[in-house]
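*Asks:* Sharing protein-v5.cif below, mmCIF, C-alpha atoms:
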```
data_input
loop_
_atom_site.label_atom_id
_atom_site.label_comp_id
_atom_site.auth_asym_id
_atom_site.auth_seq_id
_atom_site.Cartn_x
_atom_site.Cartn_y
_atom_site.Cartn_z
CA MET J 49 75.18 174.60 92.93
CA SER J 50 78.66 173.08 93.24
CA LEU J 51 79.30 169.91 95.24
CA GLU J 52 81.40 171.99 97.63
CA ALA J 53 78.52 174.36 98.31
CA SER J 54 75.97 171.54 98.59
CA LEU J 55 77.90 170.01 101.47
CA GLU J 56 78.34 173.18 103.51
CA ALA J 57 75.74 172.01 106.02
CA VAL J 58 77.80 168.93 106.94
CA PRO J 59 80.21 169.77 109.78
CA ARG J 60 83.88 169.60 108.81
CA ALA J 61 86.21 167.36 110.79
CA LYS J 62 88.91 169.04 112.83
CA GLY J 63 92.48 169.32 111.64
CA GLY J 64 92.09 170.23 107.96
CA LEU J 65 94.89 172.17 106.21
CA PRO J 66 94.66 174.60 103.27
CA GLY J 67 95.09 172.89 99.91
CA ILE J 68 95.40 169.31 101.19
CA GLY J 69 92.48 169.23 103.61
CA HIS J 70 92.63 166.17 105.87
CA ALA J 71 94.73 164.03 103.49
CA LEU J 72 97.94 164.27 105.51
CA ARG J 73 96.23 163.50 108.80
CA LEU J 74 94.40 160.56 107.25
CA LEU J 75 97.54 159.11 105.68
CA ARG J 76 99.61 159.55 108.87
CA ASP J 77 97.15 157.97 111.32
CA PRO J 78 94.06 156.66 109.54
CA LEU J 79 92.96 154.38 112.38
CA GLY J 80 93.23 157.04 115.06
CA MET J 81 91.51 159.64 112.94
CA LEU J 82 88.65 157.38 111.92
CA ARG J 83 88.08 156.32 115.53
CA SER J 84 87.87 159.95 116.65
CA LEU J 85 85.20 161.09 114.21
CA HIS J 86 82.16 159.64 115.99
CA SER J 87 82.52 162.36 118.63
CA GLU J 88 82.08 165.03 115.94
CA GLY J 89 78.70 163.83 114.71
CA PRO J 90 76.93 161.01 112.82
CA LEU J 91 78.05 162.54 109.51
CA VAL J 92 81.31 164.47 109.17
CA ARG J 93 83.01 166.08 106.21
CA LEU J 94 86.61 165.29 105.25
CA ASP J 95 88.52 167.03 102.49
CA ILE J 96 90.96 164.60 100.84
CA GLY J 97 93.03 167.02 98.82
CA THR J 98 90.41 169.08 97.01
CA MET J 99 87.83 166.28 97.06
CA PRO J 100 85.07 166.68 99.64
CA THR J 101 84.09 163.40 101.30
CA VAL J 102 81.52 162.69 103.98
CA VAL J 103 82.07 160.05 106.66
CA ALA J 104 79.20 158.12 108.21
CA THR J 105 80.18 157.39 111.82
CA SER J 106 77.01 156.15 113.54
CA PRO J 107 75.51 152.68 113.02
CA GLU J 108 72.29 154.28 111.80
CA ALA J 109 74.11 156.36 109.17
CA VAL J 110 76.22 153.38 108.06
CA ASN J 111 73.05 151.28 107.78
CA GLU J 112 71.44 153.94 105.60
CA VAL J 113 74.37 153.75 103.20
CA MET J 114 74.68 149.94 103.14
CA THR J 115 71.05 148.86 103.14
CA ARG J 116 68.27 151.45 103.36
CA TYR J 117 69.49 153.60 100.45
CA ALA J 118 71.86 151.08 98.88
CA ARG J 119 70.32 151.57 95.43
CA SER J 120 71.33 155.24 95.55
CA PHE J 121 75.02 154.35 95.77
CA ARG J 122 77.70 152.76 93.64
CA LYS J 123 81.31 151.95 94.41
CA GLY J 124 83.33 155.09 95.15
CA ARG J 125 86.70 156.66 94.45
CA MET J 126 88.75 154.09 96.35
CA PHE J 127 87.46 151.32 94.10
CA ASP J 128 88.00 153.45 90.99
CA ARG J 129 91.62 153.88 92.02
CA VAL J 130 92.32 150.18 92.57
CA ARG J 131 90.25 148.87 89.63
CA PRO J 132 93.09 149.17 87.07
CA LEU J 133 95.35 147.31 89.48
CA VAL J 134 93.17 144.49 90.80
CA GLY J 135 90.33 144.27 88.28
CA ASN J 136 86.56 144.52 88.32
CA GLY J 137 85.41 141.55 90.38
CA LEU J 138 82.51 141.48 92.83
CA ALA J 139 84.26 143.87 95.21
CA ASN J 140 84.60 146.53 92.50
CA SER J 141 81.73 145.99 90.06
CA ASP J 142 78.32 147.66 90.09
CA GLY J 143 74.87 147.33 88.58
CA PRO J 144 73.85 144.48 86.24
CA GLN J 145 77.38 143.06 86.04
CA HIS J 146 77.62 142.76 89.82
CA LEU J 147 74.16 141.17 90.07
CA ARG J 148 74.82 138.65 87.27
CA ASN J 149 78.26 137.65 88.48
CA ARG J 150 77.16 137.36 92.10
CA ARG J 151 74.41 134.95 91.03
CA LEU J 152 76.95 132.92 89.04
CA ILE J 153 79.47 132.78 91.86
CA GLN J 154 77.12 132.26 94.84
CA PRO J 155 76.78 128.47 94.24
CA LEU J 156 80.54 128.13 94.76
CA PHE J 157 79.87 128.88 98.44
CA TYR J 158 76.86 126.61 98.96
CA LYS J 159 76.97 124.02 101.75
CA GLU J 160 78.10 121.11 99.57
CA ARG J 161 81.03 123.14 98.25
CA LEU J 162 82.00 124.38 101.70
CA GLU J 163 82.13 120.77 102.89
CA ALA J 164 84.73 119.99 100.21
CA TYR J 165 86.75 123.13 101.03
CA ALA J 166 86.65 122.20 104.73
CA THR J 167 88.50 118.97 103.98
CA VAL J 168 91.29 120.90 102.25
CA MET J 169 91.40 123.44 105.09
CA SER J 170 91.69 120.68 107.69
CA GLU J 171 94.50 118.99 105.76
CA ARG J 172 96.42 122.27 105.40
CA ALA J 173 95.97 123.12 109.09
CA GLY J 174 97.20 119.66 110.04
CA ALA J 175 100.27 120.11 107.85
CA LEU J 176 100.99 123.44 109.54
CA ALA J 177 100.69 121.84 112.99
CA ASP J 178 103.07 119.07 111.89
CA SER J 179 105.66 121.63 110.75
CA TRP J 180 106.24 123.22 114.17
CA GLY J 181 108.77 122.19 116.78
CA ASP J 182 108.72 122.51 120.55
CA GLY J 183 110.16 125.86 121.63
CA GLN J 184 110.11 127.31 118.11
CA GLU J 185 109.63 131.06 117.74
CA ILE J 186 107.31 132.21 114.96
CA ASP J 187 105.86 135.45 113.67
CA ALA J 188 102.16 134.58 113.74
CA ILE J 189 101.13 137.08 111.05
CA GLU J 190 103.80 135.82 108.66
CA VAL J 191 102.97 132.17 109.33
CA MET J 192 99.21 132.71 109.08
CA GLY J 193 99.65 134.78 105.92
CA THR J 194 101.52 131.95 104.19
CA HIS J 195 99.06 129.37 105.55
CA CYS J 196 96.01 131.25 104.28
CA ILE J 197 97.54 131.94 100.88
CA GLU J 198 98.45 128.27 100.41
CA THR J 199 95.08 127.06 101.71
CA LEU J 200 93.15 129.38 99.41
CA ALA J 201 95.38 128.46 96.47
CA ALA J 202 94.68 124.78 97.17
CA THR J 203 90.95 125.45 96.74
CA LEU J 204 91.35 127.97 93.90
CA PHE J 205 93.66 126.10 91.53
CA SER J 206 94.18 122.51 90.50
CA ALA J 207 97.49 121.06 91.62
CA GLU J 208 98.55 120.53 88.00
CA VAL J 209 98.61 124.20 87.03
CA GLY J 210 98.58 126.10 90.31
CA GLY J 211 102.20 125.86 91.44
CA ARG J 212 103.48 129.01 89.74
CA ALA J 213 100.38 130.94 90.82
CA VAL J 214 100.93 129.97 94.45
CA GLU J 215 104.51 131.25 94.31
CA SER J 216 103.44 134.57 92.78
CA VAL J 217 100.61 135.01 95.25
CA ARG J 218 102.91 134.21 98.19
CA GLU J 219 105.47 136.81 97.07
CA ASP J 220 103.34 139.52 95.45
CA LEU J 221 100.08 139.59 97.37
CA PRO J 222 101.58 140.90 100.65
CA VAL J 223 103.34 143.70 98.73
CA ILE J 224 100.05 144.76 97.14
CA GLN J 225 98.05 144.48 100.36
CA ARG J 226 100.46 146.61 102.39
CA ALA J 227 100.22 149.54 99.98
CA MET J 228 96.74 149.27 98.49
CA LEU J 229 94.76 151.43 100.91
CA ARG J 230 97.31 154.24 100.92
CA ARG J 231 97.55 154.04 97.13
CA ALA J 232 93.78 154.29 96.85
CA LEU J 233 93.53 157.28 99.19
CA ALA J 234 96.51 159.19 97.78
CA PRO J 235 95.78 161.90 95.19
CA LYS J 236 96.10 160.72 91.59
CA ALA J 237 99.00 163.16 91.09
CA PHE J 238 101.07 160.88 93.38
CA ASP J 239 100.77 157.85 91.06
CA GLY J 240 104.21 158.25 89.47
CA LEU J 241 106.15 158.36 92.73
CA PRO J 242 108.93 155.76 93.17
CA VAL J 243 107.28 154.56 96.39
CA TRP J 244 104.67 152.72 94.30
CA ARG J 245 107.10 150.84 92.03
CA ALA J 246 107.14 147.61 94.03
CA PHE J 247 103.35 147.72 94.21
CA ASP J 248 102.97 148.20 90.44
CA ARG J 249 105.53 145.48 89.69
CA SER J 250 103.81 142.94 91.95
CA ALA J 251 100.34 143.78 90.61
CA ALA J 252 101.51 143.32 87.01
CA ARG J 253 103.30 140.04 87.77
CA MET J 254 100.37 138.52 89.64
CA ARG J 255 97.96 139.56 86.90
CA SER J 256 100.14 137.85 84.27
CA VAL J 257 100.50 134.62 86.27
CA ILE J 258 96.78 134.31 86.97
CA HIS J 259 96.02 134.90 83.29
CA ASP J 260 98.38 132.04 82.40
CA VAL J 261 96.70 129.70 84.91
CA ILE J 262 93.25 130.49 83.52
CA THR J 263 94.45 129.78 79.99
CA ALA J 264 96.04 126.47 81.03
CA THR J 265 92.97 125.35 83.02
CA ARG J 266 90.58 126.17 80.18
CA ALA J 267 92.81 124.30 77.72
CA ALA J 268 92.88 121.22 79.97
CA ARG J 269 89.09 120.75 79.54
CA THR J 270 88.78 118.74 82.73
CA GLU J 271 85.92 118.90 85.25
CA GLY J 272 87.79 119.88 88.38
CA THR J 273 86.39 120.75 91.81
CA ASP J 274 88.75 123.69 92.38
CA LEU J 275 87.20 127.17 92.36
CA LEU J 276 88.79 128.12 89.05
CA SER J 277 87.34 125.08 87.27
CA LEU J 278 83.93 125.82 88.79
CA LEU J 279 84.13 129.44 87.63
CA LEU J 280 84.98 128.28 84.11
CA ALA J 281 81.96 125.95 84.14
CA ALA J 282 79.45 128.47 85.58
CA ARG J 283 76.59 129.51 83.26
CA ASP J 284 73.81 132.06 83.62
CA GLU J 285 70.18 131.62 82.52
CA THR J 286 71.11 132.33 78.89
CA GLY J 287 73.85 129.69 78.90
CA ALA J 288 76.62 132.29 78.80
CA GLY J 289 79.64 131.94 81.08
CA LEU J 290 82.24 134.31 82.42
CA THR J 291 84.95 135.65 80.14
CA ASP J 292 88.60 135.04 80.95
CA GLU J 293 88.88 138.68 82.01
CA GLU J 294 85.92 138.35 84.37
CA ILE J 295 87.31 135.12 85.82
CA HIS J 296 90.69 136.78 86.34
CA ASP J 297 89.06 139.64 88.23
CA GLU J 298 86.98 137.31 90.40
CA LEU J 299 90.02 135.19 91.25
CA THR J 300 91.97 138.32 92.17
CA THR J 301 89.09 139.46 94.37
CA MET J 302 89.00 136.08 96.11
CA LEU J 303 92.75 136.19 96.70
CA PHE J 304 92.56 139.59 98.37
CA ALA J 305 89.38 138.94 100.32
CA GLY J 306 90.29 135.38 101.29
CA THR J 307 93.82 135.84 102.59
CA GLU J 308 94.38 139.06 104.50
CA THR J 309 91.08 138.89 106.40
CA THR J 310 91.62 135.34 107.60
CA ALA J 311 95.37 135.65 108.21
CA SER J 312 94.96 138.84 110.23
CA THR J 313 92.07 137.36 112.22
CA LEU J 314 94.03 134.19 113.03
CA ALA J 315 97.20 136.05 114.02
CA TRP J 316 95.27 138.38 116.32
CA ALA J 317 93.30 135.44 117.75
CA LEU J 318 96.49 133.56 118.64
CA TYR J 319 97.94 136.68 120.22
CA HIS J 320 94.85 137.43 122.33
CA LEU J 321 94.49 133.79 123.38
CA GLY J 322 98.15 133.76 124.35
CA ARG J 323 97.38 136.49 126.85
CA ARG J 324 94.12 134.93 128.08
CA PRO J 325 94.76 131.34 129.27
CA ASP J 326 91.27 131.27 130.80
CA VAL J 327 89.64 131.77 127.39
CA GLU J 328 92.09 129.31 125.83
CA ARG J 329 91.09 126.62 128.38
CA GLU J 330 87.43 127.12 127.48
CA LEU J 331 88.24 126.61 123.80
CA LEU J 332 90.34 123.50 124.47
CA ALA J 333 87.52 121.88 126.44
CA GLU J 334 85.05 122.69 123.68
CA ILE J 335 87.33 121.33 120.93
CA GLU J 336 87.97 118.14 122.93
CA ALA J 337 84.22 117.54 123.32
CA ALA J 338 83.31 118.34 119.71
CA VAL J 339 86.29 116.92 117.80
CA GLY J 340 88.46 114.75 120.01
CA ASP J 341 91.64 113.45 118.37
CA ARG J 342 90.44 113.25 114.76
CA PRO J 343 90.81 115.94 112.06
CA VAL J 344 88.31 118.79 112.19
CA ARG J 345 85.35 118.37 109.83
CA PHE J 346 82.82 120.72 108.29
CA ALA J 347 80.06 119.66 110.71
CA ASP J 348 82.29 120.38 113.71
CA VAL J 349 82.39 124.13 113.08
CA ALA J 350 78.77 124.56 114.20
CA ARG J 351 79.67 122.80 117.47
CA LEU J 352 82.38 125.34 118.36
CA PRO J 353 80.47 128.39 119.68
CA ALA J 354 83.30 129.52 121.99
CA VAL J 355 85.74 129.48 119.05
CA THR J 356 83.22 131.52 117.07
CA ARG J 357 82.92 134.06 119.90
CA VAL J 358 86.69 134.54 119.91
CA LEU J 359 86.68 135.13 116.15
CA ASP J 360 83.75 137.54 116.44
CA GLU J 361 85.61 139.55 119.04
CA VAL J 362 88.83 139.60 117.02
CA ILE J 363 87.06 140.87 113.90
CA ARG J 364 85.32 143.53 116.01
CA LEU J 365 88.65 144.74 117.33
CA HIS J 366 90.66 144.57 114.11
CA GLY J 367 88.19 144.74 111.23
CA VAL J 368 87.77 146.39 107.84
CA VAL J 369 89.26 149.89 107.90
CA ILE J 370 87.57 151.82 105.09
CA VAL J 371 84.69 151.31 102.68
CA MET J 372 83.70 153.96 100.14
CA ARG J 373 80.53 154.58 98.13
CA ARG J 374 79.45 157.32 95.72
CA THR J 375 75.89 158.68 95.54
CA THR J 376 74.15 158.27 92.17
CA GLU J 377 71.25 160.52 93.14
CA PRO J 378 70.42 162.96 95.96
CA VAL J 379 69.91 161.17 99.27
CA THR J 380 69.51 162.15 102.92
CA ILE J 381 71.96 160.55 105.38
CA ALA J 382 71.78 161.22 109.13
CA GLY J 383 69.42 164.10 108.34
CA TYR J 384 71.79 165.86 105.93
CA PRO J 385 70.95 166.22 102.22
CA ILE J 386 73.75 164.70 100.15
CA PRO J 387 73.87 165.49 96.41
CA ALA J 388 74.60 163.02 93.63
CA GLY J 389 78.30 162.42 93.00
CA THR J 390 79.33 162.67 96.67
CA GLU J 391 81.98 160.32 98.03
CA VAL J 392 80.76 158.66 101.25
CA LEU J 393 83.18 156.81 103.50
CA PHE J 394 82.64 154.63 106.55
CA SER J 395 84.88 152.49 108.73
CA LEU J 396 83.65 149.20 110.20
CA TYR J 397 86.79 149.17 112.35
CA ALA J 398 85.89 152.54 113.87
CA LEU J 399 82.22 151.63 114.23
CA HIS J 400 83.06 148.52 116.23
CA ARG J 401 85.48 150.47 118.46
CA ASN J 402 82.90 153.14 119.32
CA PRO J 403 82.72 153.27 123.14
CA ASP J 404 79.08 154.33 122.98
CA LEU J 405 78.26 150.97 121.36
CA TYR J 406 80.89 148.74 122.98
CA PRO J 407 81.92 149.68 126.55
CA ASP J 408 85.67 149.42 127.13
CA PRO J 409 86.04 148.94 123.36
CA ASP J 410 89.76 148.11 123.30
CA ARG J 411 89.40 145.15 125.66
CA PHE J 412 89.38 141.63 124.22
CA ASP J 413 86.16 140.13 125.62
CA PRO J 414 84.61 137.18 123.75
CA ASP J 415 81.71 137.17 126.23
CA ARG J 416 80.33 140.19 124.31
CA TRP J 417 79.08 137.54 121.89
CA LEU J 418 77.18 135.34 124.32
CA PRO J 419 73.64 134.80 122.96
CA ASP J 420 71.84 137.01 125.48
CA ARG J 421 74.21 139.92 124.89
CA VAL J 422 73.98 139.53 121.12
CA ALA J 423 70.18 139.52 121.30
CA ALA J 424 70.23 142.83 123.19
CA ARG J 425 72.40 144.53 120.57
CA PRO J 426 70.78 146.21 117.53
CA ARG J 427 71.63 144.37 114.32
CA GLU J 428 73.13 147.43 112.63
CA HIS J 429 75.81 147.63 115.36
CA VAL J 430 77.42 144.43 114.03
CA VAL J 431 78.50 144.46 110.37
CA PRO J 432 81.96 142.81 110.15
CA PHE J 433 81.42 141.65 106.56
CA GLY J 434 79.18 144.49 105.40
CA ALA J 435 75.44 144.22 104.80
CA GLY J 436 72.83 144.25 102.08
CA ASN J 437 73.59 143.29 98.49
CA ARG J 438 77.30 144.09 98.95
CA LYS J 439 77.88 141.76 101.88
CA CYS J 440 81.02 139.65 101.43
CA ILE J 441 80.06 136.54 99.46
CA GLY J 442 82.84 134.46 101.03
CA ASP J 443 82.21 135.23 104.70
CA LYS J 444 81.29 131.63 105.57
CA TYR J 445 84.42 130.37 103.79
CA ALA J 446 86.66 132.73 105.79
CA TRP J 447 85.02 131.99 109.13
CA MET J 448 85.13 128.24 108.50
CA GLU J 449 88.83 128.36 107.66
CA ALA J 450 89.64 130.36 110.78
CA ALA J 451 87.62 128.04 113.04
CA ILE J 452 89.14 124.88 111.54
CA THR J 453 92.66 126.27 111.85
CA LEU J 454 92.26 127.23 115.52
CA ALA J 455 90.56 123.92 116.35
CA THR J 456 93.46 122.05 114.72
CA LEU J 457 96.37 124.04 116.18
CA LEU J 458 95.27 124.75 119.76
CA PRO J 459 94.97 121.17 121.06
CA ARG J 460 98.51 120.39 119.88
CA TRP J 461 100.33 123.64 120.60
CA GLN J 462 100.38 126.34 123.24
CA LEU J 463 101.34 129.73 121.81
CA ARG J 464 102.54 132.59 124.01
CA PRO J 465 104.03 136.01 123.16
CA VAL J 466 107.84 135.97 123.11
CA PRO J 467 108.98 137.21 126.55
CA GLY J 468 109.90 140.87 126.42
CA SER J 469 108.36 141.44 122.99
CA LYS J 470 106.23 144.50 122.38
CA PRO J 471 102.50 144.19 121.69
CA PRO J 472 101.69 144.10 117.97
CA ARG J 473 100.89 147.40 116.30
CA GLU J 474 97.88 147.76 114.03
CA ALA J 475 98.92 148.52 110.45
CA THR J 476 96.48 150.00 107.97
CA SER J 477 95.52 147.86 105.03
CA SER J 478 92.05 146.64 104.10
CA MET J 479 92.11 145.23 107.66
CA ALA J 480 93.77 146.56 110.80
CA HIS J 481 96.32 143.77 110.62
CA PRO J 482 99.22 143.27 113.06
CA THR J 483 102.70 144.32 111.97
CA ARG J 484 104.49 141.51 113.79
CA VAL J 485 103.33 138.88 116.29
CA PRO J 486 106.36 137.06 117.78
CA MET J 487 105.22 133.94 119.63
CA VAL J 488 106.78 130.85 121.21
CA VAL J 489 105.27 127.47 120.32
CA ARG J 490 105.15 124.80 123.05
CA ARG J 491 103.86 121.25 122.60
CA ARG J 492 100.86 120.34 124.73
CA GLU J 493 101.45 117.17 126.69
CA ALA J 494 97.82 116.51 127.50
CA ARG J 495 94.36 117.73 126.66
CA VAL J 496 92.64 120.07 129.06
#
```
How does this structure look as structure tokens?
*Replies:*
Amino acid sequence: MSLEASLEAVPRAKGGLPGIGHALRLLRDPLGMLRSLHSEGPLVRLDIGTMPTVVATSPEAVNEVMTRYARSFRKGRMFDRVRPLVGNGLANSDGPQHLRNRRLIQPLFYKERLEAYATVMSERAGALADSWGDGQEIDAIEVMGTHCIETLAATLFSAEVGGRAVESVREDLPVIQRAMLRRALAPKAFDGLPVWRAFDRSAARMRSVIHDVITATRAARTEGTDLLSLLLAARDETGAGLTDEEIHDELTTMLFAGTETTASTLAWALYHLGRRPDVERELLAEIEAAVGDRPVRFADVARLPAVTRVLDEVIRLHGVVIVMRRTTEPVTIAGYPIPAGTEVLFSLYALHRNPDLYPDPDRFDPDRWLPDRVAARPREHVVPFGAGNRKCIGDKYAWMEAAITLATLLPRWQLRPVPGSKPPREATSSMAHPTRVPMVVRRREARV
């Protein structure tokens, strides 16, 4: 039986067109479409061109894909499409390679390493705070994007060899991020279109620069504490390390995962706080009690629960747009039999905006994350960084950077939306990031 016939039992989503299926609708308004699908059932069929895809929309169905039947899935079409462009790091790899490399890389995010990264993050956040002037207008997404790229680069590369890499990442990474999701979802026949030229050029340039940095760092033979040096020194149980190609792919993965997520989260957090002075006052009082006038330290992050609630709410509102998996054997999801070779898609962004799970889902409400309300919520309703053996390995790094940045900036500066400016629009990339966040920076005269 063909894959097409095997999926006949799964209800088709509305709005498909002959020949192209739902591809045009998905490309035009992916966020709106994904948010609408929960009303059509826990599992819905989309046709992307001639490729049938099923979408898990309920938390139970998403949990079945990510954890319960995780061994019956591998990375799907979206990852196949971006693999030649961004490599085969943890985000893209499967099977024994993924397991081995995850074990090698996990120690880079242990507590003692995070403490060292926290010092760099605090220094970079302090430098950003020092760079602003009273009354200055900024675009928060642009500023946070540069801040996160430079902060990550400061932990990834040694200062001696990282300068050129930082410049390439600052220029090329945003170009790649803006187009990656659409490139991955577009039919392969579209690959030669001129619209992708800037994307291809930036991907090739960044790949070349990172390769040069790896070569220079390996040749230096020094025992650095930057992530690249630690990757070069990592060894498995047989004594074997990572190849230069594997290190390149892991660095590329870290660059993508460690910049857009944090930059988008910070920009949205500043915007929402700028419209909620009551929440901002709560954060300022908490930061004053936990940190005072000194730089923020690693141990302080655990003493900032109100800051954490704000970040939790921001990532709920503006999280990961699309994840794809492919079945390796027949499996039953949401009661429907799904044959091997089926592309399965789910959206954490849409899941966390489901009004059946989160009343008034578009409202910014950090109190959703108060301990008693969290305890009443089923675990599978909250998966901002994924779950199971594919959960983001750097989630603590990203959350720590965001918390340290907010706790450094807020006591010194009040940020408010530029008067008369329009609310930011959500753009579709790996995250639902803001297109533009114009804000006015005002110096705080006294602590609250």
*Asks:* Please write as a list in words the full residue list that the PyMOL selection byres ((chain J and resi 185) around 7) yields on this file.
*Replies:*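 That selection, the PyMOL selection byres ((chain J and resi 185) around 7), comes back as Gly183, Gln184, Ile186, Pro486, Met487, Val488 and Val489 of chain J.
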*Asks:* Pick out the closest residue to Val466 in chain J from this set: J:Arg427, J:Asp187, J:Gly193, J:Asp404. Count only C-alpha atoms.
*Replies:* J:Asp187
*Asks:* Enter the distance from CA of Ile189 in chain J to CA of Leu85 in chain J, in Å, rounded to one decimal.
*Replies:*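 Result for CA of Ile189 in chain J versus CA of Leu85 in chain J: 29.0 Å, one decimal.
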*Asks:* So the first atom is CA of Met192 in chain J and the second is CA of Ala315 in chain J; what is the distance between them in Å, to one decimal place?
*Replies:*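 We find that CA of Met192 in chain J and CA of Ala315 in chain J lie 6.3 Å from each other.
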*Asks:* As an NGL selection string, please: the residues near Pro59 in chain J (cut-off 9 Å, all atoms listed in the file, same-chain neighbours under 3 positions excluded).
*Replies:* :J and (55-56 or 88-89 or 91-93)
*Asks:* Expand the PyMOL selection byres ((chain J and resi 456) around 8) into the explicit residue set it covers here, and present it as a ChimeraX atom specification.
*Replies:* /J:170,173-174,177,343-344,452-455,457-460
*Asks:* Would you mind telling me which residue in J:Glu112, J:Glu160, J:Asp260, J:Glu190 lies nearest to Ser216 in chain J when using only C-alpha atoms?
*Replies:*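 Residue with the minimum atom-to-atom distance to Ser216 in chain J: J:Asp260.
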*Asks:* Under the PyMOL selection byres ((chain J and resi 379) around 12), which residues of this model are included? Write them out as a ChimeraX atom specification.
*Replies:* /J:109,112-113,116-121,374-378,380-390,392
*Asks:* Looking at all atoms listed in the file, which of J:Ser250, J:Ser312, J:Thr356, J:Ser54 is the one that sits closest to Glu474 in chain J?
*Replies:* J:Ser312
*Asks:* Just give me the gap between CA of Val103 in chain J and CA of Arg364 in chain J in Å, one decimal is fine.
*Replies:*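 CA of Arg364 in chain J lies at a distance of 19.3 Å from CA of Val103 in chain J.
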*Asks:* Need the shell around Val355 in chain J: protein/DNA/RNA residues with any atom at most 12 Å away, counting all atoms listed in the file. Skip same-chain ones fewer than 4 positions apart. Format as number ranges by chain?
*Replies:* J: 314, 317-318, 321, 327-335, 338, 348-351, 359-362, 414-415, 417-418, 447-456, 458
*Asks:* Could you check which of J:Arg253, J:Arg464, J:Arg323, J:His86 is closest to Val110 in chain J, using all atoms listed in the file?
*Replies:*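 Of J:Arg253, J:Arg464, J:Arg323, J:His86, the one nearest Val110 in chain J is J:His86, counting all atoms listed in the file.
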*Asks:* Could you write range 307-319 of chain J as a PDB file, in the coordinates of the input, with N, CA and C atoms rebuilt where they are missing?
*Replies:*
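This went into result_23.pdb:
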```pdb
ATOM      1  N   THR J 307      92.537 136.067 101.925  1.00  0.00           N
ATOM      2  CA  THR J 307      93.820 135.840 102.590  1.00  0.00           C
ATOM      3  C   THR J 307      94.057 136.816 103.736  1.00  0.00           C
ATOM      4  N   GLU J 308      94.042 138.113 103.436  1.00  0.00           N
ATOM      5  CA  GLU J 308      94.380 139.060 104.500  1.00  0.00           C
ATOM      6  C   GLU J 308      93.387 138.999 105.651  1.00  0.00           C
ATOM      7  N   THR J 309      92.085 138.926 105.339  1.00  0.00           N
ATOM      8  CA  THR J 309      91.080 138.890 106.400  1.00  0.00           C
ATOM      9  C   THR J 309      91.325 137.716 107.342  1.00  0.00           C
ATOM     10  N   THR J 310      91.476 136.529 106.777  1.00  0.00           N
ATOM     11  CA  THR J 310      91.620 135.340 107.600  1.00  0.00           C
ATOM     12  C   THR J 310      92.972 135.304 108.306  1.00  0.00           C
ATOM     13  N   ALA J 311      94.037 135.667 107.592  1.00  0.00           N
ATOM     14  CA  ALA J 311      95.370 135.650 108.210  1.00  0.00           C
ATOM     15  C   ALA J 311      95.449 136.632 109.373  1.00  0.00           C
ATOM     16  N   SER J 312      94.941 137.837 109.169  1.00  0.00           N
ATOM     17  CA  SER J 312      94.960 138.840 110.230  1.00  0.00           C
ATOM     18  C   SER J 312      94.129 138.378 111.422  1.00  0.00           C
ATOM     19  N   THR J 313      92.943 137.833 111.152  1.00  0.00           N
ATOM     20  CA  THR J 313      92.070 137.360 112.220  1.00  0.00           C
ATOM     21  C   THR J 313      92.738 136.243 113.023  1.00  0.00           C
ATOM     22  N   LEU J 314      93.367 135.303 112.335  1.00  0.00           N
ATOM     23  CA  LEU J 314      94.030 134.190 113.030  1.00  0.00           C
ATOM     24  C   LEU J 314      95.220 134.676 113.859  1.00  0.00           C
ATOM     25  N   ALA J 315      96.037 135.559 113.287  1.00  0.00           N
ATOM     26  CA  ALA J 315      97.200 136.050 114.020  1.00  0.00           C
ATOM     27  C   ALA J 315      96.764 136.806 115.281  1.00  0.00           C
ATOM     28  N   TRP J 316      95.764 137.665 115.142  1.00  0.00           N
ATOM     29  CA  TRP J 316      95.270 138.380 116.320  1.00  0.00           C
ATOM     30  C   TRP J 316      94.652 137.408 117.333  1.00  0.00           C
ATOM     31  N   ALA J 317      93.920 136.402 116.841  1.00  0.00           N
ATOM     32  CA  ALA J 317      93.300 135.440 117.750  1.00  0.00           C
ATOM     33  C   ALA J 317      94.358 134.697 118.563  1.00  0.00           C
ATOM     34  N   LEU J 318      95.424 134.256 117.909  1.00  0.00           N
ATOM     35  CA  LEU J 318      96.490 133.560 118.640  1.00  0.00           C
ATOM     36  C   LEU J 318      97.150 134.477 119.655  1.00  0.00           C
ATOM     37  N   TYR J 319      97.339 135.730 119.285  1.00  0.00           N
ATOM     38  CA  TYR J 319      97.940 136.680 120.220  1.00  0.00           C
ATOM     39  C   TYR J 319      97.039 136.893 121.440  1.00  0.00           C
TER      40      TYR J 319
END
```
